[in-house]
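Novice: Once you've had a glance at the structure underneath, I'll fire off some questions.
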Amino acid sequence: MTVQGRSPVRHGSAKDRAEQVFGPRTAKRVATFGDGMSYVEAGFWAQSFAWLVDFVVFVLGVGVGVIVLALVDLSVNLDNGVIALAVLAILFVVPLLYGLCFGNGRALGAVLTGTRLTRVADGGRIGKKAPWAMLIRTVLMPLLLVAVLAAAFTGGGTAPGGSLVRVSVDVRATRRLREAGITR
C-alpha cells in the first residue's frame, strides 16, 4: 500500500523511512554505524551545549584543584617550579578524572542534552577510553580551535583530514527510530 505516491515505510533507505515517520529535520541526522545499525546523530546545538556543560565542569574542577594547591602552598611553601608543574598537571588530571565518571558515554552535558557519546564502529559505549575522550573534549579541542583560528588569520594551510572515532547520538530519537523498525 502506498500513501500519496510514497512507498511503504518498510521500503527504501533508513533516511527515506525516517523522513516519512519523523519528518525531514530528524531524517537529515540519520546515519549508520560501521556495523550497519542506524542511529540519529545529535544536533549541533545539543552537541554544543553538552560540550559547554562539560567544559564548565572542567573549569570548576581546575578551580577546585588550584584552590587546594594554594592551600597546600600556604602550609608547605612550595617552590614556584613545583606550583607550575602542579597547575599543568591539574589541567590534564581533572578531565581524565571526569572522564572516569562517564564510561557509559553520559557525562553531565550528555545527560542534560539527552545525548550519548558512542563508538562509530558499532554504537557501543566508549568504556575505558572515556578519560581520553574527555581530555580531548575539554583541553585539546579548544587548543585545536585556537590553532585553526590562528592559522586562518595568518594564512596557514588547511588542517589534515582525520577519521571519526566517536559520535554524539540523540538517545530519544534513536530509540524512536528503532521502535519504528528503522534499524538498518
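In the C-alpha cells, the first chain shown is A, the next is B, and so on; residue numbers restart at 1 for each chain, and ligands run from 1 in the order shown.
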Kindly provide the residues of region 132-179 of chain A that approach region 86-92 of chain A to within 12 Å, each paired with its closest atom pair and their distance in Å to one decimal, based on only C-alpha atoms, listed by chain and increasing number, as a tab-separated table.
Specialist:
```
residue	atom	partner	partner_atom	distance
A:Trp132	CA	A:Phe92	CA	10.0
A:Met134	CA	A:Phe92	CA	10.0
A:Leu135	CA	A:Phe92	CA	7.0
A:Ile136	CA	A:Phe92	CA	10.0
A:Arg137	CA	A:Phe92	CA	11.7
A:Thr138	CA	A:Phe92	CA	9.4
A:Val139	CA	A:Phe92	CA	7.7
A:Leu140	CA	A:Phe92	CA	10.0
```
Novice: Let me make sure I understand: among A:Trp51, A:Gly36, A:Arg29, A:Gly23, which one has the smallest atom-to-atom distance to Ala110 (chain A) if we use only C-alpha atoms?
Specialist: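 Among the listed residues, the smallest separation from Ala110 (chain A) belongs to A:Trp51.
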Novice: Given the choices A:Gly123, A:Gly81, A:Gly34, A:Gly65, which gets closest to Pro95 (chain A) if the distance is worked out from only C-alpha atoms?
Specialist: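 Among the listed residues, the smallest separation from Pro95 (chain A) belongs to A:Gly65.
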Novice: Identify all residues of region 24-177 of chain A in strand (DSSP E or B) (DSSP on the backbone) and supply them as a JSON list (two decimals) with N, CA and C atoms, in the first residue's frame.
Specialist:
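Below is the file selection20.json, written as the result:
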```json
[["chain", "number", "residue", "atom", "x", "y", "z"],
["A", 30, "VAL", "N", 19.96, 11.10, 10.39],
["A", 30, "VAL", "CA", 20.07, 9.63, 10.45],
["A", 30, "VAL", "C", 21.36, 9.21, 9.76],
["A", 31, "ALA", "N", 22.09, 8.35, 10.44],
["A", 31, "ALA", "CA", 23.35, 7.83, 9.89],
["A", 31, "ALA", "C", 23.47, 6.36, 10.30],
["A", 32, "THR", "N", 24.54, 5.72, 9.86],
["A", 32, "THR", "CA", 24.73, 4.31, 10.21],
["A", 32, "THR", "C", 26.09, 4.10, 10.83],
["A", 38, "SER", "N", 21.37, 1.75, 12.23],
["A", 38, "SER", "CA", 21.05, 3.17, 12.07],
["A", 38, "SER", "C", 20.96, 3.86, 13.43],
["A", 39, "TYR", "N", 21.23, 5.16, 13.43],
["A", 39, "TYR", "CA", 21.11, 5.99, 14.62],
["A", 39, "TYR", "C", 20.82, 7.41, 14.19],
["A", 40, "VAL", "N", 20.43, 8.24, 15.14],
["A", 40, "VAL", "CA", 20.19, 9.66, 14.87],
["A", 40, "VAL", "C", 21.29, 10.44, 15.57],
["A", 41, "GLU", "N", 22.07, 11.16, 14.78],
["A", 41, "GLU", "CA", 23.15, 11.97, 15.35],
["A", 41, "GLU", "C", 22.56, 13.16, 16.09],
["A", 115, "THR", "N", 21.89, 13.15, 25.05],
["A", 115, "THR", "CA", 22.78, 12.55, 24.05],
["A", 115, "THR", "C", 23.66, 11.50, 24.72],
["A", 116, "ARG", "N", 24.39, 10.76, 23.90],
["A", 116, "ARG", "CA", 25.34, 9.77, 24.39],
["A", 116, "ARG", "C", 26.51, 9.73, 23.41],
["A", 117, "LEU", "N", 27.72, 9.71, 23.93],
["A", 117, "LEU", "CA", 28.90, 9.57, 23.09],
["A", 117, "LEU", "C", 29.13, 8.08, 22.87],
["A", 118, "THR", "N", 29.17, 7.67, 21.61],
["A", 118, "THR", "CA", 29.33, 6.25, 21.28],
["A", 118, "THR", "C", 30.43, 6.05, 20.26],
["A", 119, "ARG", "N", 30.85, 4.80, 20.11],
["A", 119, "ARG", "CA", 31.83, 4.45, 19.08],
["A", 119, "ARG", "C", 31.15, 4.40, 17.72],
["A", 125, "ARG", "N", 29.37, 1.67, 23.84],
["A", 125, "ARG", "CA", 29.83, 2.68, 24.79],
["A", 125, "ARG", "C", 31.34, 2.80, 24.72],
["A", 166, "ARG", "N", 34.35, 8.62, 17.43],
["A", 166, "ARG", "CA", 33.19, 8.71, 18.32],
["A", 166, "ARG", "C", 32.19, 9.70, 17.75],
["A", 167, "VAL", "N", 30.93, 9.48, 18.10],
["A", 167, "VAL", "CA", 29.86, 10.35, 17.62],
["A", 167, "VAL", "C", 28.86, 10.54, 18.75],
["A", 168, "SER", "N", 28.24, 11.71, 18.77],
["A", 168, "SER", "CA", 27.21, 12.01, 19.75],
["A", 168, "SER", "C", 25.86, 11.60, 19.16],
["A", 169, "VAL", "N", 25.14, 10.75, 19.88],
["A", 169, "VAL", "CA", 23.89, 10.19, 19.40],
["A", 169, "VAL", "C", 22.73, 10.80, 20.20],
["A", 170, "ASP", "N", 21.66, 11.15, 19.50],
["A", 170, "ASP", "CA", 20.43, 11.62, 20.13],
["A", 170, "ASP", "C", 19.70, 10.37, 20.65]]
```
Novice: I'd like the interatomic distance between CA of Ala173 (chain A) and CA of Thr26 (chain A), to a tenth of an Å.
Specialist: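 Interatomic distance, CA of Ala173 (chain A) to CA of Thr26 (chain A): 7.8 Å.
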Novice: Of the candidates A:Gly114, A:Gly124, A:Tyr98, A:Glu179, which shows the shortest atom-to-atom distance to Phe58 (chain A), using only C-alpha atoms?
Specialist: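 Under the stated criterion, the closest residue is A:Tyr98.
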Novice: Any idea what the distance is between CA of Val111 (chain A) and CA of Gly43 (chain A)?
Specialist: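 Taking CA of Val111 (chain A) as the start and CA of Gly43 (chain A) as the end point, the length is 14.5 Å.
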Novice: Rounded to one decimal place, report the CA of Leu100 (chain A)-CA of Thr174 (chain A) distance in Å.
Specialist: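 Result for CA of Leu100 (chain A) versus CA of Thr174 (chain A): 25.1 Å, one decimal.
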Novice: Among region 95-163 of chain A, which residues does DSSP mark as alpha helix (DSSP H) when it is run on the backbone? Keep the chain and numbering as in the structure and answer as a PyMOL selection string.
Specialist: chain A and resi 95-100+108-113+130-135+141-154
Novice: Tell me which of A:Ile67, A:Cys101, A:Leu85, A:Ala46 sits closest to Lys128 (chain A), counting only C-alpha atoms.
Specialist: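 Among the listed residues, A:Cys101 lies closest to Lys128 (chain A).
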